[in-house]
$ cat my_file_4.csv   # CSV, C-alpha atoms
chain,number,residue,atom,x,y,z
A,6,MET,CA,75.4,25.9,171.8
A,7,SER,CA,75.8,29.2,169.9
A,8,GLU,CA,78.8,31.5,170.3
A,9,ASP,CA,76.5,34.1,171.9
A,10,GLN,CA,75.2,31.6,174.5
A,11,LYS,CA,78.8,30.5,175.3
A,12,ARG,CA,79.9,34.1,175.9
A,13,ARG,CA,76.8,34.7,178.0
A,14,ASP,CA,77.6,31.7,180.2
A,15,SER,CA,81.3,32.7,180.3
A,16,PHE,CA,80.3,36.2,181.4
A,17,GLN,CA,77.9,34.8,184.0
A,18,GLU,CA,80.7,32.8,185.6
A,19,PHE,CA,83.2,35.7,185.4
A,20,TYR,CA,80.7,38.1,186.9
A,21,ASP,CA,79.9,35.7,189.8
A,22,ARG,CA,83.5,35.4,190.6
A,23,VAL,CA,84.7,39.1,190.2
A,24,ALA,CA,81.7,41.3,190.9
A,25,PRO,CA,81.6,41.2,194.7
A,26,GLY,CA,85.3,42.0,195.0
A,27,LEU,CA,85.1,44.8,192.4
A,28,ARG,CA,82.1,46.3,194.1
A,29,GLY,CA,83.9,46.2,197.5
A,30,TYR,CA,86.9,47.9,195.9
A,31,ILE,CA,84.9,50.7,194.3
A,32,LEU,CA,82.8,51.2,197.4
A,33,ARG,CA,85.8,51.5,199.7
A,34,VAL,CA,87.8,53.8,197.4
A,35,CYS,CA,84.8,56.0,196.5
A,36,ARG,CA,83.0,55.9,199.9
A,37,ASP,CA,79.8,56.9,198.2
A,38,ALA,CA,77.4,54.0,197.6
A,39,ALA,CA,75.4,55.7,194.8
A,40,LEU,CA,78.6,56.7,192.9
A,41,ALA,CA,80.1,53.3,193.5
A,42,ASP,CA,77.0,51.6,192.0
A,43,ASP,CA,77.2,53.9,189.0
A,44,ILE,CA,80.9,53.1,188.5
A,45,PHE,CA,80.4,49.4,189.0
A,46,GLN,CA,77.7,49.2,186.3
A,47,GLU,CA,79.6,51.4,183.9
A,48,SER,CA,82.7,49.3,184.4
A,49,PHE,CA,80.9,46.1,183.3
A,50,MET,CA,79.1,48.0,180.4
A,51,LYS,CA,82.5,49.1,179.1
A,52,PHE,CA,83.9,45.7,179.8
A,53,LEU,CA,81.2,44.0,177.7
A,54,ARG,CA,81.7,46.5,174.9
A,55,THR,CA,85.5,46.1,174.6
A,56,VAL,CA,86.5,42.7,176.1
A,57,GLN,CA,88.3,40.1,174.0
A,58,TRP,CA,86.8,36.8,174.9
A,59,ASN,CA,90.0,34.9,174.2
A,60,MET,CA,91.9,36.7,177.0
A,61,HIS,CA,92.9,34.7,180.1
A,62,GLN,CA,90.6,35.0,183.1
A,63,ARG,CA,93.1,36.9,185.1
A,64,GLN,CA,93.6,39.3,182.2
A,65,GLN,CA,89.9,39.8,182.0
A,66,GLN,CA,89.8,40.5,185.7
A,67,ALA,CA,92.6,42.9,185.5
A,68,PHE,CA,90.9,44.6,182.5
A,69,VAL,CA,87.6,45.2,184.4
A,70,PHE,CA,89.6,46.5,187.4
A,71,LYS,CA,91.5,48.8,185.1
A,72,ILE,CA,88.2,50.2,183.7
A,73,ALA,CA,86.9,50.7,187.2
A,74,THR,CA,90.1,52.4,188.4
A,75,ARG,CA,90.1,54.8,185.4
A,76,LEU,CA,86.4,55.6,186.1
A,77,ILE,CA,87.3,56.2,189.8
A,78,ILE,CA,90.2,58.5,188.8
A,79,ASP,CA,87.8,60.4,186.5
A,80,ASN,CA,85.4,60.8,189.4
A,81,PHE,CA,88.0,61.7,192.1
A,82,ARG,CA,86.6,65.3,192.4
A,83,ARG,CA,83.2,63.8,193.2
A,84,ILE,CA,84.5,61.6,196.0
A,85,LYS,CA,83.6,63.3,199.3
A,86,PRO,CA,84.8,62.4,202.7
A,87,GLU,CA,81.4,61.1,203.9
A,88,PRO,CA,80.9,58.1,206.1
A,89,LEU,CA,79.6,55.0,204.3
A,90,ASP,CA,78.0,53.2,207.1
A,91,PRO,CA,75.0,54.6,208.9
A,92,GLY,CA,76.5,54.0,212.4
A,93,GLU,CA,79.4,56.2,211.8
A,94,LYS,CA,77.4,59.4,211.5
A,95,SER,CA,75.6,58.9,214.8
A,96,GLY,CA,78.9,58.0,216.5
A,97,LYS,CA,77.7,54.4,217.3
A,98,THR,CA,80.8,52.9,215.9
A,99,GLY,CA,81.5,50.4,218.6
A,100,SER,CA,84.7,50.0,220.7
A,101,ALA,CA,88.2,50.4,219.5
A,102,ALA,CA,90.7,47.5,219.4
A,103,THR,CA,90.6,45.5,222.5
A,104,SER,CA,93.6,43.2,221.8
A,105,PRO,CA,96.5,43.1,219.4
A,106,GLY,CA,94.6,40.8,217.0
A,107,GLU,CA,91.4,42.7,217.1
A,108,TYR,CA,92.2,45.9,215.3
A,109,LEU,CA,89.2,45.6,213.0
A,110,GLY,CA,85.9,47.2,212.3
A,111,PRO,CA,85.5,51.0,212.8
A,112,ASP,CA,89.2,51.5,213.4
A,113,MET,CA,90.1,49.8,210.2
A,114,LYS,CA,87.7,52.0,208.2
A,115,LYS,CA,89.0,55.1,209.9
A,116,THR,CA,92.6,54.2,209.0
A,117,PHE,CA,91.7,53.3,205.4
A,118,ASP,CA,89.4,56.3,205.0
A,119,SER,CA,92.1,58.7,206.2
A,120,LEU,CA,94.2,57.9,203.1
A,121,LYS,CA,93.8,59.7,199.8
A,122,PRO,CA,91.6,58.0,197.2
A,123,HIS,CA,94.6,57.4,195.0
A,124,ASP,CA,96.4,55.6,197.9
A,125,ARG,CA,93.3,53.6,198.8
A,126,SER,CA,93.1,52.4,195.3
A,127,LEU,CA,96.8,51.5,195.2
A,128,LEU,CA,96.7,49.6,198.5
A,129,TRP,CA,93.6,47.6,197.5
A,130,LEU,CA,95.0,46.6,194.1
A,131,ALA,CA,98.3,45.6,195.5
A,132,TYR,CA,97.3,43.8,198.7
A,133,VAL,CA,93.8,42.6,198.2
A,134,GLU,CA,93.9,41.7,194.5
A,135,GLY,CA,97.6,40.9,194.4
A,136,TYR,CA,98.5,42.7,191.2
A,137,SER,CA,102.1,43.3,190.2
A,138,HIS,CA,103.6,46.8,189.9
A,139,GLU,CA,103.3,46.6,186.1
A,140,GLU,CA,99.6,45.6,186.2
A,141,ILE,CA,98.8,48.4,188.7
A,142,ALA,CA,100.8,50.9,186.6
A,143,GLU,CA,98.7,49.9,183.5
A,144,MET,CA,95.5,50.3,185.5
A,145,MET,CA,96.3,53.7,186.9
A,146,GLY,CA,98.0,55.1,183.9
A,147,LEU,CA,101.4,55.6,185.7
A,148,GLY,CA,104.9,54.2,185.3
A,149,SER,CA,105.7,51.0,187.1
A,150,LYS,CA,108.7,52.8,188.8
A,151,SER,CA,106.3,55.4,190.2
A,152,ILE,CA,104.0,52.6,191.5
A,153,LYS,CA,107.0,50.9,193.1
A,154,VAL,CA,108.0,54.2,195.0
A,155,LEU,CA,104.4,55.0,195.9
A,156,LEU,CA,103.8,51.5,197.2
A,157,PHE,CA,107.1,51.5,199.1
A,158,ARG,CA,106.0,54.7,200.9
A,159,LEU,CA,102.5,53.5,201.6
A,160,ARG,CA,103.7,50.1,202.8
A,161,GLY,CA,106.1,51.7,205.3
A,162,SER,CA,103.7,54.2,206.7
A,163,CYS,CA,100.8,51.7,206.9
A,164,ALA,CA,102.9,49.0,208.6
A,165,ALA,CA,104.3,51.5,211.1
A,166,GLU,CA,100.8,52.8,211.9
A,167,LEU,CA,99.3,49.3,212.2
A,168,ARG,CA,102.2,48.3,214.5
A,169,SER,CA,101.8,51.4,216.6
A,170,LYS,CA,98.1,50.4,217.1
A,171,GLY,CA,99.1,47.0,218.2
A,172,TYR,CA,98.3,45.1,215.0
A,173,SER,CA,100.6,42.1,214.5
A,174,PRO,CA,99.6,39.3,212.3
A,175,GLU,CA,102.5,37.1,213.4
A,176,GLU,CA,100.9,36.7,216.8
A,177,GLN,CA,97.6,35.4,215.3
A,178,PRO,CA,96.9,31.7,215.2
B,18,MET,CA,115.7,58.1,199.1
B,19,LYS,CA,116.7,54.4,199.0
B,20,ILE,CA,113.8,52.1,198.2
B,21,GLU,CA,114.1,48.8,200.1
B,22,THR,CA,112.8,46.0,197.9
B,23,CYS,CA,112.8,42.2,198.1
B,24,PRO,CA,112.5,39.9,195.1
B,25,TRP,CA,109.9,37.8,197.1
B,26,GLU,CA,107.6,40.8,197.7
B,27,GLU,CA,105.3,40.5,194.7
B,28,LYS,CA,105.1,36.8,195.1
B,29,LEU,CA,104.2,37.1,198.7
B,30,ARG,CA,101.5,39.7,198.0
B,31,LYS,CA,100.0,37.4,195.2
B,32,VAL,CA,100.0,34.3,197.4
B,33,LEU,CA,98.4,36.1,200.3
B,34,ALA,CA,95.8,37.8,198.1
B,35,GLY,CA,95.0,34.4,196.5
B,36,GLY,CA,94.3,32.9,199.9
B,37,GLY,CA,97.3,30.7,199.8
B,38,SER,CA,99.7,30.0,202.6
B,39,ASP,CA,103.2,29.1,201.6
B,40,GLN,CA,105.2,28.2,204.7
B,41,ALA,CA,108.6,29.0,203.0
B,42,LEU,CA,107.4,32.5,202.1
B,43,ARG,CA,106.1,33.0,205.7
B,44,ASP,CA,109.5,31.8,207.1
B,45,HIS,CA,111.2,34.2,204.7
B,46,ALA,CA,108.9,37.1,205.8
B,47,ARG,CA,110.0,36.6,209.4
B,48,GLN,CA,113.6,37.3,208.4
B,49,CYS,CA,113.0,40.0,205.8
B,50,PRO,CA,112.0,43.5,207.0
B,51,VAL,CA,110.3,44.3,203.6
B,52,CYS,CA,108.3,41.1,203.5
B,53,ARG,CA,107.4,41.5,207.2
B,54,ASP,CA,105.8,44.9,206.3
B,55,VAL,CA,104.1,43.2,203.4
B,56,LEU,CA,102.7,40.6,205.7
B,57,VAL,CA,101.3,43.1,208.1
B,58,VAL,CA,99.7,45.4,205.5
B,59,SER,CA,98.5,42.4,203.4
B,60,SER,CA,96.8,40.6,206.2
B,61,TRP,CA,95.2,43.8,207.5
B,62,MET,CA,93.9,44.7,204.0
B,63,LEU,CA,92.5,41.2,203.5
B,64,LYS,CA,90.6,41.4,206.8
B,65,PHE,CA,89.4,44.8,205.8
B,66,ARG,CA,88.2,43.3,202.4
B,67,ASP,CA,86.2,40.6,204.3
B,68,LEU,CA,84.8,43.2,206.6
B,69,THR,CA,83.8,45.4,203.6
B,70,LEU,CA,82.1,42.5,201.7
B,71,ASP,CA,80.2,41.5,204.8
B,72,SER,CA,79.0,45.0,205.5
B,73,ILE,CA,77.7,45.8,202.0
B,74,PRO,CA,74.1,46.7,202.5
B,75,ALA,CA,71.7,43.9,201.7
B,76,HIS,CA,69.2,46.4,200.4
B,77,ARG,CA,71.6,47.2,197.6
B,78,PRO,CA,71.9,43.9,195.7
B,79,LEU,CA,74.2,43.5,192.8
B,80,PRO,CA,72.6,43.8,189.4
B,81,SER,CA,72.4,40.3,187.8
B,82,ALA,CA,74.9,39.3,185.1
B,83,GLN,CA,71.9,38.6,182.8
B,84,GLU,CA,70.6,42.2,183.3
B,85,LEU,CA,74.0,43.8,182.5
B,86,TRP,CA,74.4,41.5,179.4
B,87,GLU,CA,71.0,42.5,178.1
B,88,ARG,CA,71.7,46.2,178.7
B,89,SER,CA,75.0,46.2,177.1
B,90,PRO,CA,74.4,48.2,173.9
B,91,ALA,CA,77.2,46.9,171.8
B,92,ARG,CA,78.1,43.4,172.9
B,93,PRO,CA,80.0,41.4,170.4
B,94,VAL,CA,78.2,40.7,167.2
B,95,ASP,CA,77.3,37.1,166.3
B,96,LEU,CA,79.2,37.0,163.0
B,97,GLY,CA,77.4,33.9,161.8
B,98,ALA,CA,74.0,35.6,162.2
B,99,ALA,CA,75.2,38.8,160.7
B,100,ASN,CA,76.6,37.1,157.6
B,101,LYS,CA,73.4,35.1,157.2
B,102,ALA,CA,71.4,38.3,157.3
B,103,LEU,CA,73.7,40.1,154.9
B,104,LYS,CA,73.8,37.2,152.4
B,105,PRO,CA,71.0,38.5,150.1
B,106,LEU,CA,73.0,41.8,149.8
B,107,TYR,CA,76.2,40.0,148.8
B,108,VAL,CA,74.3,37.9,146.2
B,109,TYR,CA,72.6,41.0,144.8
B,110,ARG,CA,75.9,42.7,144.6
B,111,LYS,CA,77.4,39.8,142.6
B,112,ILE,CA,74.4,39.8,140.2
B,113,ALA,CA,74.8,43.5,139.7
B,114,TRP,CA,78.4,43.1,138.7
B,115,LEU,CA,77.6,40.3,136.3
B,116,VAL,CA,74.7,42.2,134.7
B,117,SER,CA,76.7,45.4,134.3
B,118,GLY,CA,79.7,43.4,132.9
B,119,ALA,CA,77.5,41.5,130.4
B,120,GLY,CA,75.6,44.7,129.5
B,121,SER,CA,78.8,46.6,128.8
B,122,ALA,CA,80.1,43.8,126.6
B,123,ALA,CA,76.9,43.6,124.6
B,124,LEU,CA,76.9,47.4,124.2
B,125,LEU,CA,80.5,47.2,123.0
B,126,LEU,CA,79.6,44.6,120.4
B,127,LEU,CA,76.4,46.2,119.2
B,128,GLU,CA,77.8,49.6,118.9
B,129,PHE,CA,81.3,48.7,117.7
B,130,ARG,CA,81.1,50.8,114.5
B,131,LYS,CA,80.0,53.9,116.3
B,132,ILE,CA,82.6,53.5,119.0
B,133,LYS,CA,85.3,53.0,116.3
B,134,GLY,CA,84.1,56.2,114.6
B,135,LEU,CA,84.1,58.1,117.8
B,136,LEU,CA,87.6,56.9,118.7
B,137,ALA,CA,88.8,57.8,115.2
B,138,SER,CA,87.6,61.4,115.7
B,139,LEU,CA,89.7,61.8,118.8
B,140,PRO,CA,92.9,63.9,118.2
B,141,GLY,CA,96.0,61.8,118.2
B,142,PHE,CA,94.2,58.5,117.7
B,143,GLU,CA,94.9,58.4,114.0
B,144,GLN,CA,98.6,58.9,114.5
B,145,LEU,CA,98.6,56.1,117.1
B,146,ALA,CA,96.8,53.8,114.7
B,147,VAL,CA,99.3,54.6,111.9
B,148,PHE,CA,102.2,54.1,114.3
B,149,LEU,CA,100.9,50.7,115.4
B,150,LYS,CA,100.2,49.7,111.7
B,151,LYS,CA,103.7,50.7,110.7
B,152,MET,CA,105.2,48.7,113.5
B,153,ALA,CA,103.2,45.7,112.4
B,154,GLU,CA,104.3,46.1,108.7
B,155,SER,CA,107.9,46.8,109.5
B,156,GLY,CA,108.5,43.1,110.2
B,157,SER,CA,108.0,43.7,113.9
B,158,GLY,CA,111.5,44.1,115.3
B,159,PRO,CA,112.3,42.6,118.7
B,160,LEU,CA,111.7,45.9,120.5
B,161,ALA,CA,108.2,46.3,118.9
B,162,GLN,CA,107.4,42.8,119.8
B,163,VAL,CA,108.1,43.5,123.5
B,164,ILE,CA,106.6,47.0,123.8
B,165,ALA,CA,103.2,46.4,122.4
B,166,PRO,CA,102.2,43.4,124.6
B,167,ALA,CA,103.9,45.1,127.6
B,168,ALA,CA,101.8,48.2,127.1
B,169,LEU,CA,98.6,46.3,126.7
B,170,GLY,CA,99.4,44.2,129.8
B,171,LEU,CA,100.2,47.2,131.9
B,172,ALA,CA,96.9,48.8,130.9
B,173,ALA,CA,95.1,45.6,131.8
B,174,ILE,CA,96.8,45.4,135.2
B,175,ILE,CA,95.9,49.1,136.0
B,176,LEU,CA,92.3,48.5,135.0
B,177,LEU,CA,92.2,45.3,137.1
B,178,ILE,CA,93.6,47.1,140.2
B,179,LEU,CA,91.1,50.0,139.8
B,180,VAL,CA,88.1,47.7,139.4
B,181,THR,CA,89.1,45.2,142.2
B,182,GLY,CA,90.1,48.1,144.5
B,183,MET,CA,86.7,49.7,144.1
B,184,LYS,CA,84.9,46.4,144.8
B,185,ARG,CA,87.0,45.7,147.9
B,186,GLY,CA,86.3,49.1,149.4
B,187,ASP,CA,82.6,48.7,148.8
B,188,THR,CA,82.3,45.3,150.4
B,189,ARG,CA,84.4,45.6,153.6
B,190,LEU,CA,82.7,44.7,156.8
B,191,LYS,CA,81.7,47.7,158.9
B,192,TYR,CA,82.4,46.1,162.3
B,193,SER,CA,85.5,44.6,163.7
B,194,VAL,CA,85.9,40.8,163.8
B,195,PRO,CA,86.9,39.6,167.3
B,196,ASN,CA,90.0,37.5,167.5
B,197,LYS,CA,89.3,33.8,167.7

$ encode --input "my_file_4.csv" --output "structure tokens"
Amino acid sequence: MSEDQKRRDSFQEFYDRVAPGLRGYILRVCRDAALADDIFQESFMKFLRTVQWNMHQRQQQAFVFKIATRLIIDNFRRIKPEPLDPGEKSGKTGSAATSPGEYLGPDMKKTFDSLKPHDRSLLWLAYVEGYSHEEIAEMMGLGSKSIKVLLFRLRGSCAAELRSKGYSPEEQP
Amino acid sequence: MKIETCPWEEKLRKVLAGGGSDQALRDHARQCPVCRDVLVVSSWMLKFRDLTLDSIPAHRPLPSAQELWERSPARPVDLGAANKALKPLYVYRKIAWLVSGAGSAALLLLEFRKIKGLLASLPGFEQLAVFLKKMAESGSGPLAQVIAPAALGLAAIILLILVTGMKRGDTRLKYSVPNK
């Protein structure tokens, strides 16, 4: 098998694993499906141009998230507060939380969308992807101490808001 | 402002994001206010992630990996194929060096008398020749024995550096080689 074919297969495997999560991240931070698609494709184009194939898989994943995050930051001015889902515009958003464990759906989106794009990005990278302060700092072009402070504030305010709305994961099965 | 931190915080975030469930970490999170907050935010964010992935419109499918690979304008060069394609050029370059070297040597031998006459007409050359001759006749003292070969050797090294430097600059690959 040629080197080119090996890399192609390796990329296929990497893409299948990373692409859905990356797309979700970009979509939720940008809240604009067309812009998110552009950033998603551009991220992988840049990744393919610059990736070192001997990097560990987690490093490759962090690398493509870094590219996407930088592209999102470059496009912050284009990010507009528009609803992503068709139902939100017409007000057919369903009911609010009905029990402590069901604070999901529209309310979740509303809470997440009320954050600044920068904070949405930070929350996703830290709590969905599980990156360390240093990794997030590298992705966002900030110091790790700044990330620590920003995450501390975000964690506190989010946890307080979620508790005030009755969300409590400890009570779930 | 005092920032409350916990050494387990990052580990807890990583474990939860990876879908793991470490009972010791969960027990710790019940006791630690920082990790309790992490647990709340993390589990909410992971549910939000699932909700997001489920709600991505089906009419906007992901582009295939194959498509992106093909569209990538500068994906890594297959060095084996590139070297194979460039081999005639390298061979031609070697032949050019050999031919020009042999031609120069032949010209030097054929036109030796003319070159000698030309050099003799240069100002200062006569004095240099006389000086070298005198040195040779004077029984070649230890200093002269050292200086003459050293000067010739230095001149040869400078010439070699110039020639090889020019050759290296000319044949360097124009694209970077990825690390193995």

$ interface_residues --input "my_file_4.csv" --of "chain A" --to "chain B" --cutoff "7 Å" --atoms "only C-alpha atoms" --output "list of chain:residue names"
A:Asp9, A:Gln17, A:Tyr20, A:Gly29, A:Met50, A:Leu53, A:Arg54, A:Gln57, A:Asn59, A:Met113, A:Tyr132, A:Val133, A:Glu134, A:Gly135, A:Tyr136, A:Ser137, A:Val154, A:Phe157, A:Arg160, A:Gly161, A:Cys163, A:Ala164, A:Ser173, A:Pro174

$ atom_distance --input "my_file_4.csv" --atom1 "atom CA of A:Ser126" --atom2 "atom CA of A:Ala142"
11.7 Å

$ atom_distance --input "my_file_4.csv" --atom1 "atom CA of A:Phe117" --atom2 "atom CA of A:Leu130"
13.5 Å

$ residues_around --input "my_file_4.csv" --residues "A:Asn80" --least-positions-apart "5" --cutoff "12 Å" --atoms "all atoms listed in the file" --output "JSON list (two decimals) with C-alpha atoms, keeping the file's coordinate frame"
[["chain", "number", "residue", "atom", "x", "y", "z"],
["A", 31, "ILE", "CA", 84.90, 50.70, 194.30],
["A", 34, "VAL", "CA", 87.80, 53.80, 197.40],
["A", 35, "CYS", "CA", 84.80, 56.00, 196.50],
["A", 36, "ARG", "CA", 83.00, 55.90, 199.90],
["A", 37, "ASP", "CA", 79.80, 56.90, 198.20],
["A", 40, "LEU", "CA", 78.60, 56.70, 192.90],
["A", 41, "ALA", "CA", 80.10, 53.30, 193.50],
["A", 43, "ASP", "CA", 77.20, 53.90, 189.00],
["A", 44, "ILE", "CA", 80.90, 53.10, 188.50],
["A", 73, "ALA", "CA", 86.90, 50.70, 187.20],
["A", 74, "THR", "CA", 90.10, 52.40, 188.40],
["A", 75, "ARG", "CA", 90.10, 54.80, 185.40],
["A", 85, "LYS", "CA", 83.60, 63.30, 199.30],
["A", 122, "PRO", "CA", 91.60, 58.00, 197.20],
["A", 123, "HIS", "CA", 94.60, 57.40, 195.00]]

$ atom_distance --input "my_file_4.csv" --atom1 "atom CA of A:Ser151" --atom2 "atom CA of A:Arg125"
15.7 Å

$ residues_around --input "my_file_4.csv" --residues "A:Glu140" --least-positions-apart "2" --cutoff "10 Å" --atoms "all atoms listed in the file" --output "PyMOL selection string"
chain A and resi 64+67-68+71+130-131+135-138+142-146+149+152

$ closest_residue --input "my_file_4.csv" --among "A:Gln10, A:Phe16, A:Ser48, A:Thr55" --to "A:Arg28" --atoms "all atoms listed in the file"
A:Ser48

$ closest_residue --input "my_file_4.csv" --among "B:Pro50, B:Phe129, B:Val116, B:Trp25" --to "A:Ala165" --atoms "only C-alpha atoms"
B:Pro50

$ closest_residue --input "my_file_4.csv" --among "A:Gln65, A:Leu147, A:Lys115, A:Arg13" --to "A:Ile78" --atoms "only C-alpha atoms"
A:Leu147
